[in-house]
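> Pasting input.cif below, which is mmCIF, C-alpha atoms.
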```cif
data_data
loop_
_atom_site.label_atom_id
_atom_site.label_comp_id
_atom_site.auth_asym_id
_atom_site.auth_seq_id
_atom_site.Cartn_x
_atom_site.Cartn_y
_atom_site.Cartn_z
CA MET O 8 0.00 0.00 0.00
CA ARG O 9 2.87 2.42 0.78
CA ASN O 10 4.23 2.00 -2.75
CA ILE O 11 0.82 2.74 -4.26
CA PHE O 12 0.48 5.80 -1.98
CA PHE O 13 3.85 7.21 -3.06
CA TYR O 14 3.00 6.51 -6.69
CA VAL O 15 -0.24 8.49 -6.42
CA LEU O 16 1.58 11.35 -4.68
CA ALA O 17 4.17 11.41 -7.46
CA LEU O 18 1.45 11.69 -10.08
CA ILE O 19 -0.16 14.56 -8.17
CA PHE O 20 3.12 16.49 -8.01
CA ILE O 21 3.86 15.80 -11.65
CA GLY O 22 0.38 17.01 -12.54
CA CYS O 23 0.89 20.22 -10.54
CA ASP O 24 4.15 20.97 -12.34
CA LYS O 25 2.68 20.46 -15.81
CA LYS O 26 1.83 23.76 -17.45
CA PRO O 27 -1.27 24.03 -19.64
CA SER O 28 -0.52 24.01 -23.36
CA LEU O 29 -1.06 27.21 -25.32
CA VAL O 30 -2.61 27.53 -28.74
CA LYS O 31 -2.07 30.41 -31.17
CA ASN O 32 -5.36 30.78 -33.02
CA GLN O 33 -5.49 32.98 -36.11
CA ASN O 34 -8.13 34.28 -38.50
CA ILE O 35 -7.09 36.10 -41.66
CA GLY O 36 -9.06 37.51 -44.55
CA SER O 37 -10.06 40.67 -46.37
CA THR O 38 -12.55 43.44 -45.64
CA PHE O 39 -12.97 47.18 -46.29
CA GLY O 40 -10.80 46.76 -49.40
CA THR O 41 -7.84 45.65 -47.28
CA SER O 42 -6.64 42.66 -45.25
CA TYR O 43 -7.04 41.66 -41.63
CA ALA O 44 -5.27 39.27 -39.26
CA ILE O 45 -6.47 38.38 -35.77
CA GLN O 46 -4.32 36.35 -33.37
CA TYR O 47 -5.52 35.14 -29.99
CA ILE O 48 -3.73 32.91 -27.50
CA THR O 49 -5.81 30.37 -25.58
CA ASP O 50 -5.42 27.01 -23.85
CA LYS O 51 -7.37 25.23 -26.60
CA GLU O 52 -8.15 25.58 -30.27
CA LEU O 53 -10.88 28.11 -31.04
CA ASP O 54 -12.25 29.64 -34.21
CA PHE O 55 -14.20 32.90 -34.13
CA GLN O 56 -14.44 33.30 -37.91
CA ARG O 57 -18.25 33.35 -37.98
CA LYS O 58 -18.40 35.99 -35.25
CA ILE O 59 -15.70 38.04 -36.98
CA ASP O 60 -17.63 37.91 -40.26
CA SER O 61 -20.76 38.97 -38.38
CA VAL O 62 -19.05 42.08 -37.00
CA PHE O 63 -17.90 43.13 -40.48
CA THR O 64 -21.32 42.39 -42.00
CA VAL O 65 -23.21 44.49 -39.45
CA PHE O 66 -20.66 47.29 -39.75
CA ASN O 67 -20.85 47.38 -43.56
CA LYS O 68 -24.66 47.40 -43.48
CA SER O 69 -24.47 50.42 -41.20
CA MET O 70 -21.60 52.55 -42.53
CA SER O 71 -20.12 51.36 -45.82
CA THR O 72 -20.33 54.07 -48.48
CA TYR O 73 -19.53 51.37 -51.06
CA ILE O 74 -22.78 49.47 -50.36
CA LEU O 75 -25.77 51.18 -51.96
CA ASP O 76 -28.34 49.93 -49.45
CA SER O 77 -26.28 50.62 -46.31
CA ASP O 78 -27.73 53.06 -43.80
CA ILE O 79 -25.07 55.68 -44.50
CA SER O 80 -25.62 55.47 -48.27
CA LYS O 81 -29.37 55.95 -47.81
CA ILE O 82 -28.78 58.88 -45.46
CA ASN O 83 -26.35 60.43 -47.95
CA ARG O 84 -29.05 60.19 -50.63
CA GLY O 85 -31.42 62.13 -48.38
CA ASP O 86 -33.43 59.37 -46.67
CA THR O 87 -34.66 60.85 -43.36
CA THR O 88 -36.45 57.72 -42.14
CA ILE O 89 -33.36 55.72 -41.19
CA VAL O 90 -33.02 54.92 -37.48
CA VAL O 91 -29.28 54.43 -37.06
CA ASP O 92 -27.96 51.48 -35.07
CA GLN O 93 -25.59 51.47 -32.08
CA MET O 94 -22.51 51.21 -34.30
CA PHE O 95 -23.48 54.32 -36.26
CA ARG O 96 -24.24 56.18 -33.04
CA ASP O 97 -20.90 55.24 -31.48
CA VAL O 98 -18.99 56.51 -34.51
CA TYR O 99 -21.15 59.62 -34.76
CA PHE O 100 -20.55 60.67 -31.15
CA GLN O 101 -16.81 59.93 -31.22
CA SER O 102 -16.54 61.90 -34.45
CA GLN O 103 -18.29 64.78 -32.74
CA VAL O 104 -15.75 64.75 -29.91
CA ILE O 105 -12.72 64.61 -32.21
CA ASN O 106 -14.20 67.28 -34.47
CA TYR O 107 -14.50 69.62 -31.48
CA GLU O 108 -11.06 68.86 -30.02
CA THR O 109 -9.28 69.29 -33.38
CA ASP O 110 -11.10 72.55 -34.13
CA GLY O 111 -12.86 70.98 -37.11
CA TYR O 112 -9.84 69.41 -38.81
CA PHE O 113 -11.49 66.01 -38.39
CA ASP O 114 -14.87 66.16 -40.10
CA PRO O 115 -16.75 63.18 -41.59
CA THR O 116 -19.11 65.53 -43.49
CA VAL O 117 -16.43 65.85 -46.18
CA GLY O 118 -18.22 63.17 -48.21
CA VAL O 119 -18.93 65.42 -51.19
CA LEU O 120 -15.27 66.48 -51.29
CA VAL O 121 -14.02 62.89 -51.02
CA ASP O 122 -16.01 62.05 -54.14
CA VAL O 123 -14.94 64.99 -56.29
CA TRP O 124 -11.28 64.54 -55.40
CA GLY O 125 -11.46 60.92 -56.57
CA PHE O 126 -11.26 59.06 -53.24
CA GLY O 127 -14.88 57.93 -53.01
CA SER O 128 -16.74 55.06 -54.60
CA GLU O 129 -16.57 56.71 -58.04
CA GLN O 130 -12.78 57.21 -57.88
CA SER O 131 -12.72 59.84 -60.64
CA ILE O 132 -11.25 63.31 -60.25
CA MET O 133 -13.50 66.11 -61.45
CA GLN O 134 -12.23 69.26 -63.09
CA LEU O 135 -12.06 71.52 -60.06
CA ASP O 136 -11.53 75.21 -59.57
CA SER O 137 -12.06 77.61 -56.68
CA THR O 138 -15.66 78.28 -57.73
CA LYS O 139 -16.53 74.58 -57.66
CA ILE O 140 -14.82 74.02 -54.29
CA ASP O 141 -16.52 77.08 -52.78
CA SER O 142 -19.91 75.80 -53.91
CA LEU O 143 -19.28 72.42 -52.29
CA MET O 144 -18.07 73.86 -48.99
CA GLN O 145 -21.65 74.80 -48.07
CA TYR O 146 -22.23 71.05 -47.64
CA VAL O 147 -19.30 70.56 -45.28
CA GLY O 148 -19.30 71.16 -41.52
CA TRP O 149 -20.33 69.23 -38.42
CA LYS O 150 -22.54 72.13 -37.35
CA HIS O 151 -24.88 71.24 -40.23
CA VAL O 152 -25.80 67.77 -38.89
CA GLY O 153 -27.51 66.36 -35.83
CA LEU O 154 -28.94 63.23 -34.23
CA THR O 155 -32.48 63.21 -32.86
CA ARG O 156 -33.66 61.48 -29.69
CA ASP O 157 -35.13 58.67 -31.78
CA PHE O 158 -31.73 58.24 -33.51
CA ARG O 159 -32.43 59.77 -36.90
CA ILE O 160 -29.85 61.91 -38.66
CA THR O 161 -30.75 65.51 -39.47
CA LYS O 162 -28.99 67.61 -42.10
CA SER O 163 -29.44 71.32 -42.75
CA LYS O 164 -28.94 70.58 -46.45
CA PRO O 165 -29.86 67.26 -48.08
CA GLN O 166 -26.66 67.29 -50.19
CA ILE O 167 -24.47 66.80 -47.11
CA GLN O 168 -22.73 63.44 -47.16
CA PHE O 169 -21.08 61.49 -44.38
CA ASP O 170 -17.85 59.57 -44.89
CA PHE O 171 -16.62 57.66 -41.85
CA ASN O 172 -13.81 55.86 -43.70
CA ALA O 173 -11.19 57.86 -41.79
CA ILE O 174 -12.36 56.33 -38.52
CA ALA O 175 -14.13 53.14 -39.65
CA LYS O 176 -11.31 50.61 -39.38
CA GLY O 177 -10.48 51.78 -35.90
CA TYR O 178 -14.04 51.34 -34.69
CA ALA O 179 -14.37 47.91 -36.36
CA ILE O 180 -11.24 46.81 -34.48
CA ASP O 181 -12.75 48.00 -31.20
CA ARG O 182 -15.87 45.94 -31.91
CA LEU O 183 -13.76 42.85 -32.64
CA ALA O 184 -11.91 43.42 -29.36
CA ARG O 185 -15.21 43.70 -27.53
CA MET O 186 -16.26 40.37 -29.02
CA LEU O 187 -13.04 38.65 -27.87
CA ASP O 188 -13.35 40.22 -24.41
CA LYS O 189 -16.88 38.84 -24.16
CA HIS O 190 -15.43 35.35 -24.66
CA GLN O 191 -12.80 35.93 -21.94
CA ILE O 192 -9.88 36.05 -24.37
CA GLU O 193 -7.13 37.92 -22.54
CA ASN O 194 -4.24 37.90 -25.01
CA TYR O 195 -4.76 38.95 -28.62
CA LEU O 196 -3.59 41.16 -31.47
CA ILE O 197 -6.08 42.53 -34.00
CA GLU O 198 -4.86 44.14 -37.23
CA VAL O 199 -7.05 45.56 -39.98
CA GLY O 200 -5.35 47.43 -42.80
CA GLY O 201 -2.40 48.40 -40.64
CA GLU O 202 -4.42 49.62 -37.64
CA VAL O 203 -3.95 47.45 -34.55
CA LEU O 204 -5.16 46.78 -31.04
CA ALA O 205 -3.17 44.64 -28.63
CA LYS O 206 -4.28 43.13 -25.35
CA GLY O 207 -2.13 41.20 -22.91
CA THR O 208 1.03 39.65 -24.32
CA ASN O 209 2.13 37.08 -26.87
CA LEU O 210 2.28 34.13 -24.48
CA ILE O 211 3.67 31.84 -27.18
CA SER O 212 6.87 33.86 -27.55
CA GLY O 213 6.79 35.15 -24.00
CA LYS O 214 7.26 38.68 -25.33
CA PRO O 215 5.06 41.75 -25.78
CA TRP O 216 3.11 42.24 -28.97
CA THR O 217 5.27 44.27 -31.36
CA VAL O 218 4.15 46.52 -34.20
CA GLY O 219 6.26 48.14 -36.92
CA ILE O 220 5.51 51.60 -38.31
CA ASP O 221 6.19 52.20 -42.00
CA LYS O 222 8.90 54.60 -43.03
CA PRO O 223 7.68 57.05 -45.70
CA ASN O 224 9.52 56.95 -49.01
CA ASN O 225 8.89 57.61 -52.67
CA PHE O 226 9.58 54.13 -53.96
CA MET O 227 6.68 52.20 -52.41
CA LYS O 228 9.12 50.03 -50.46
CA ARG O 229 8.41 48.74 -46.99
CA GLY O 230 10.64 49.75 -44.14
CA SER O 231 10.15 50.43 -40.45
CA ALA O 232 10.61 53.90 -39.03
CA ALA O 233 9.99 52.52 -35.53
CA VAL O 234 8.95 49.33 -33.75
CA VAL O 235 6.85 49.57 -30.60
CA GLU O 236 5.68 47.17 -27.93
CA LEU O 237 1.95 47.40 -27.28
CA LYS O 238 -0.09 46.16 -24.34
CA ASP O 239 -3.74 47.05 -23.83
CA LYS O 240 -3.41 49.86 -26.38
CA ALA O 241 -4.48 50.64 -29.95
CA LEU O 242 -2.38 52.15 -32.72
CA ALA O 243 -3.38 53.76 -36.00
CA SER O 244 -1.37 55.50 -38.71
CA SER O 245 -2.28 57.89 -41.50
CA GLY O 246 -0.03 59.01 -44.33
CA ASN O 247 -0.05 60.59 -47.77
CA TYR O 248 2.98 58.81 -49.17
CA ARG O 249 1.08 55.70 -50.30
CA LYS O 250 -2.54 56.71 -50.77
CA PHE O 251 -2.86 59.32 -53.51
CA ARG O 252 -4.29 59.72 -56.99
CA ILE O 253 -2.82 61.06 -60.22
CA ASP O 254 -5.00 63.03 -62.60
CA PRO O 255 -4.58 61.09 -65.91
CA GLU O 256 -4.99 64.28 -67.95
CA THR O 257 -2.80 66.74 -66.06
CA GLY O 258 -0.49 64.33 -64.21
CA GLU O 259 -1.09 66.29 -60.99
CA LYS O 260 -0.81 64.37 -57.71
CA TYR O 261 -3.66 64.56 -55.18
CA VAL O 262 -3.14 63.19 -51.67
CA HIS O 263 -6.06 61.62 -49.83
CA THR O 264 -6.01 64.02 -46.86
CA ILE O 265 -8.68 66.66 -47.41
CA ASN O 266 -8.63 69.84 -45.36
CA PRO O 267 -12.29 70.30 -44.30
CA LYS O 268 -11.64 74.00 -43.68
CA THR O 269 -10.55 74.77 -47.23
CA GLY O 270 -11.98 71.92 -49.31
CA TYR O 271 -8.61 71.18 -50.90
CA THR O 272 -6.35 68.18 -50.56
CA LYS O 273 -3.57 68.87 -48.07
CA ASN O 274 0.00 68.66 -49.34
CA SER O 275 1.99 69.47 -46.23
CA ASN O 276 5.33 68.75 -44.61
CA VAL O 277 3.71 66.07 -42.44
CA LEU O 278 4.31 62.70 -44.11
CA SER O 279 2.67 60.39 -41.59
CA ALA O 280 1.04 60.45 -38.18
CA THR O 281 0.81 57.49 -35.81
CA VAL O 282 -1.34 57.70 -32.70
CA VAL O 283 -1.57 55.36 -29.71
CA ALA O 284 -4.74 55.49 -27.61
CA ASN O 285 -6.93 53.33 -25.41
CA SER O 286 -9.34 52.72 -28.29
CA CYS O 287 -8.63 52.31 -31.98
CA ILE O 288 -11.44 54.64 -33.00
CA GLN O 289 -9.62 57.42 -31.13
CA ALA O 290 -6.24 56.50 -32.59
CA ASP O 291 -7.70 56.39 -36.12
CA GLY O 292 -9.54 59.69 -35.84
CA TYR O 293 -6.71 61.72 -34.33
CA ALA O 294 -4.14 60.28 -36.75
CA THR O 295 -6.33 61.50 -39.62
CA ALA O 296 -6.71 64.94 -38.04
CA PHE O 297 -2.95 65.33 -37.51
CA MET O 298 -2.41 64.89 -41.24
CA ALA O 299 -4.60 67.94 -41.92
CA MET O 300 -3.35 70.02 -38.99
CA ASP O 301 -0.11 71.98 -38.83
CA LEU O 302 2.55 70.20 -36.81
CA LYS O 303 2.67 72.89 -34.12
CA ASP O 304 -1.08 72.59 -33.57
CA SER O 305 -0.82 68.81 -33.32
CA LYS O 306 1.89 69.18 -30.67
CA THR O 307 -0.31 71.57 -28.70
CA LEU O 308 -3.24 69.16 -28.76
CA LEU O 309 -1.02 66.23 -27.78
CA GLU O 310 0.23 68.17 -24.77
CA LEU O 311 -3.36 68.85 -23.70
CA LYS O 312 -4.29 65.19 -24.10
CA LYS O 313 -1.03 63.62 -22.93
CA LYS O 314 -2.89 61.31 -20.53
CA GLU O 315 -4.96 59.89 -23.40
CA LEU O 316 -2.84 60.09 -26.56
CA ASP O 317 0.71 59.42 -27.65
CA ALA O 318 2.02 60.05 -31.14
CA PHE O 319 4.86 59.62 -33.61
CA ILE O 320 4.84 62.14 -36.47
CA ILE O 321 7.22 62.04 -39.43
CA TYR O 322 7.70 65.33 -41.28
CA LEU O 323 10.03 67.29 -43.54
CA ASP O 324 11.93 70.24 -42.11
CA GLU O 325 12.62 73.54 -43.91
CA LYS O 326 15.47 71.94 -45.85
CA GLY O 327 13.44 68.95 -46.93
CA ALA O 328 15.15 66.52 -44.54
CA MET O 329 13.01 63.82 -42.95
CA LYS O 330 12.54 64.34 -39.22
CA ASN O 331 10.32 62.88 -36.55
CA PHE O 332 8.54 63.99 -33.42
CA MET O 333 7.40 61.64 -30.69
CA THR O 334 5.76 62.10 -27.32
CA LEU O 335 7.53 60.82 -24.21
CA GLY O 336 4.90 58.12 -23.82
CA PHE O 337 5.51 56.88 -27.35
CA GLU O 338 9.26 56.90 -26.79
CA ALA O 339 8.74 54.63 -23.78
CA MET O 340 6.97 52.08 -26.02
CA LEU O 341 9.90 51.73 -28.46
CA LYS O 342 11.23 48.20 -28.61
CA LYS O 343 14.48 48.02 -26.71
#
```
What do you get writing this file as structure tokens?

Amino acid sequence: MRNIFFYVLALIFIGCDKKPSLVKNQNIGSTFGTSYAIQYITDKELDFQRKIDSVFTVFNKSMSTYILDSDISKINRGDTTIVVDQMFRDVYFQSQVINYETDGYFDPTVGVLVDVWGFGSEQSIMQLDSTKIDSLMQYVGWKHVGLTRDFRITKSKPQIQFDFNAIAKGYAIDRLARMLDKHQIENYLIEVGGEVLAKGTNLISGKPWTVGIDKPNNFMKRGSAAVVELKDKALASSGNYRKFRIDPETGEKYVHTINPKTGYTKNSNVLSATVVANSCIQADGYATAFMAMDLKDSKTLLELKKKELDAFIIYLDEKGAMKNFMTLGFEAMLKK
């Protein structure tokens, strides 16, 4: 009996020392005209593909300007009967906050300008002059829109068009994170079109989640300007060095950043802006705004919101040399 007793004890101790196995689950695919990759570490194999697809489907039905029967497309065409869903309301209210804090440099009512500059669903550049831009500016401005108590959008002019594409990926990532949190997943990395949200750590490697930030260049080559370690944070980048259009008739280059105060595309010394925040919708929205704002104004806003935002901005100095600015919080995230 003593031998059996010691044998049982040995098995107990062996069982206590054995660590649970870890599984790196991954779902990859395409959405919003780009790719996505979602990694989540668990103690068993899981597959959330159906739930991931559901998030994208509901989002597109609500806010895709490329789907004719989406809520936002109907609203843009003047339909006043649409009762917007929770997703639309979340994006609307966050847009309102960022619009106010950036003094209007972030403004999703630029829909009519996005189209005429060739970055909308039509993707054709119109022949534009100051008269045409001035006439369109009457349809731009957050002050012209509202949301009623029964969740219907109001517009002072029916021609006003919403375009949430500058903040959409970030919000979709937040919704995916909420889904994983609901299933008690504590360690994951979500990436959609270069925007990311990281929670916990990469338990497989035993290291923090790491994210590389593209270095701007004129040759469409990939290269990292910085690599950061993220934990329980979201990161989004915006830049004009990759996304632009060339007028086939004049050969003129138009960047995708539109200044909602002037109506013109913004060719500035800021090449890219990367923002780290608690939510990806915030990171996405402020990164977009910093591309339209002057660098000094971005620095001022970052100082005011230093407890909420960190940033890495790449720009050209007076001599055309590439420089960068980073907040102290961002510097602390750099991979050692």
> Tell me which of O:Leu143, O:Leu341, O:Ile82, O:Val199 sits closest to Ser37 (chain O), counting all atoms listed in the file.
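Ranking O:Leu143, O:Leu341, O:Ile82, O:Val199 by distance to Ser37 (chain O), first place goes to O:Val199.
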> Which polymer residues have any atom within 6 Å of an atom of region 305-316 of chain O, counting all atoms listed in the file, with same-chain residues fewer than 3 positions away left out, as JSON, numbers by chain?
{"O": [283, 284, 297, 302]}
> Please compute the CA of Tyr178 (chain O)-CA of Phe337 (chain O) distance, one decimal, in Å.
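CA of Phe337 (chain O) lies at a distance of 21.6 Å from CA of Tyr178 (chain O).
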> Leaving out Asp324 (chain O) and any residue of its chain fewer than 4 positions from it, which residues lie within 10 Å of it when counting all atoms listed in the file, given as an MDAnalysis selection string?
chainID O and resid 276:277 328:331
> Which residues are close to Arg57 (chain O), i.e. within 12 Å by all atoms listed in the file, leaving aside same-chain residues fewer than 5 positions away? Reply as an MDAnalysis selection string.
chainID O and resid 34 62:64 183 186
> At a cut-off of 9 Å, using all atoms listed in the file, what residues contact Val30 (chain O)? Leave out same-chain residues fewer than 3 positions from it and give the result as number ranges by chain.
O: 47-53, 211
> For the selection you just gave me, I'd like the residues written to a file as an mmCIF file, keeping the file's coordinate frame, keeping C-alpha atoms.

```
data_model
loop_
_atom_site.group_PDB
_atom_site.id
_atom_site.type_symbol
_atom_site.label_atom_id
_atom_site.label_comp_id
_atom_site.auth_asym_id
_atom_site.auth_seq_id
_atom_site.Cartn_x
_atom_site.Cartn_y
_atom_site.Cartn_z
ATOM 1 C CA TYR O 47 -5.520 35.140 -29.990
ATOM 2 C CA ILE O 48 -3.730 32.910 -27.500
ATOM 3 C CA THR O 49 -5.810 30.370 -25.580
ATOM 4 C CA ASP O 50 -5.420 27.010 -23.850
ATOM 5 C CA LYS O 51 -7.370 25.230 -26.600
ATOM 6 C CA GLU O 52 -8.150 25.580 -30.270
ATOM 7 C CA LEU O 53 -10.880 28.110 -31.040
ATOM 8 C CA ILE O 211 3.670 31.840 -27.180
#
```
> Restricting the calculation to only C-alpha atoms, which member of O:Lys268, O:Asn32, O:Pro215, O:Asp304 is positioned closest to Gln145 (chain O)?
O:Lys268
> In file coordinates, which residues lie within 7 Å of (-24.1, 67.5, -42.0) using all atoms listed in the file, given as a short mmCIF file (atom, residue, chain, number, x, y, z; two decimals) with C-alpha atoms, in the frame of the given file?

```
data_model
loop_
_atom_site.label_atom_id
_atom_site.label_comp_id
_atom_site.auth_asym_id
_atom_site.auth_seq_id
_atom_site.Cartn_x
_atom_site.Cartn_y
_atom_site.Cartn_z
CA THR O 116 -19.11 65.53 -43.49
CA TYR O 146 -22.23 71.05 -47.64
CA VAL O 147 -19.30 70.56 -45.28
CA GLY O 148 -19.30 71.16 -41.52
CA TRP O 149 -20.33 69.23 -38.42
CA LYS O 150 -22.54 72.13 -37.35
CA HIS O 151 -24.88 71.24 -40.23
CA VAL O 152 -25.80 67.77 -38.89
CA LYS O 162 -28.99 67.61 -42.10
CA SER O 163 -29.44 71.32 -42.75
CA ILE O 167 -24.47 66.80 -47.11
CA GLN O 168 -22.73 63.44 -47.16
#
```
> Looking at O:Lys206, O:Glu198, O:Ser275, O:Gly270, which one is nearest to Ala243 (chain O), with distances taken over all atoms listed in the file?
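Going through O:Lys206, O:Glu198, O:Ser275, O:Gly270 one by one, the smallest distance to Ala243 (chain O) is for O:Glu198.
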> Quick check, in Å to one decimal: how far apart do CA of Ser102 (chain O) and CA of Ser77 (chain O) lie?
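According to the coordinates, CA of Ser102 (chain O) and CA of Ser77 (chain O) are separated by 19.0 Å.
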> Give the centre and edge lengths of an axis-aligned box, in Å to one decimal, that holds all listed atoms of region 193-207 of chain O with 6 Å on each side, as lines of an AutoDock Vina configuration file.

```
center_x = -4.6
center_y = 43.8
center_z = -32.7
size_x = 17.0
size_y = 23.7
size_z = 32.3
```
> Would you list the contacts of Ile197 (chain O) as a list in words, taking every protein, DNA or RNA residue within 10 Å and counting all atoms listed in the file, but skipping same-chain residues closer than 4 positions in sequence?
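Result of the neighbour search: Gln33, Asn34, Tyr43, Ala44, Ile45, Gln46, Tyr47, Ile180, Asp181, Leu183, Ala184, Gly201, Glu202, Val203, Leu204, Ala205, Lys206 and Ala241 of chain O.
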> For a quick check of understanding, using all atoms listed in the file, which of O:Asp54, O:Asp76, O:Asp157, O:Asp60 has the smallest distance to Arg96 (chain O)?
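With all atoms listed in the file as the atom set, the closest residue is O:Asp157.
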> Restricting the calculation to only C-alpha atoms, which member of O:Asp86, O:Ser42, O:Thr72, O:Ser286 is positioned closest to Asp239 (chain O)?
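Nearest to Asp239 (chain O): O:Ser286.
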> Of the residues O:Phe171, O:Gln103, O:Leu120, O:Gly327, which is the one nearest to Ser69 (chain O), using all atoms listed in the file?
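Once distances to Ser69 (chain O) are computed over all atoms listed in the file, the minimum belongs to O:Phe171.
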> May I ask for the distance between CA of Ala296 (chain O) and CA of Tyr112 (chain O), given in Å to one decimal place?
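A separation of 5.5 Å between them.
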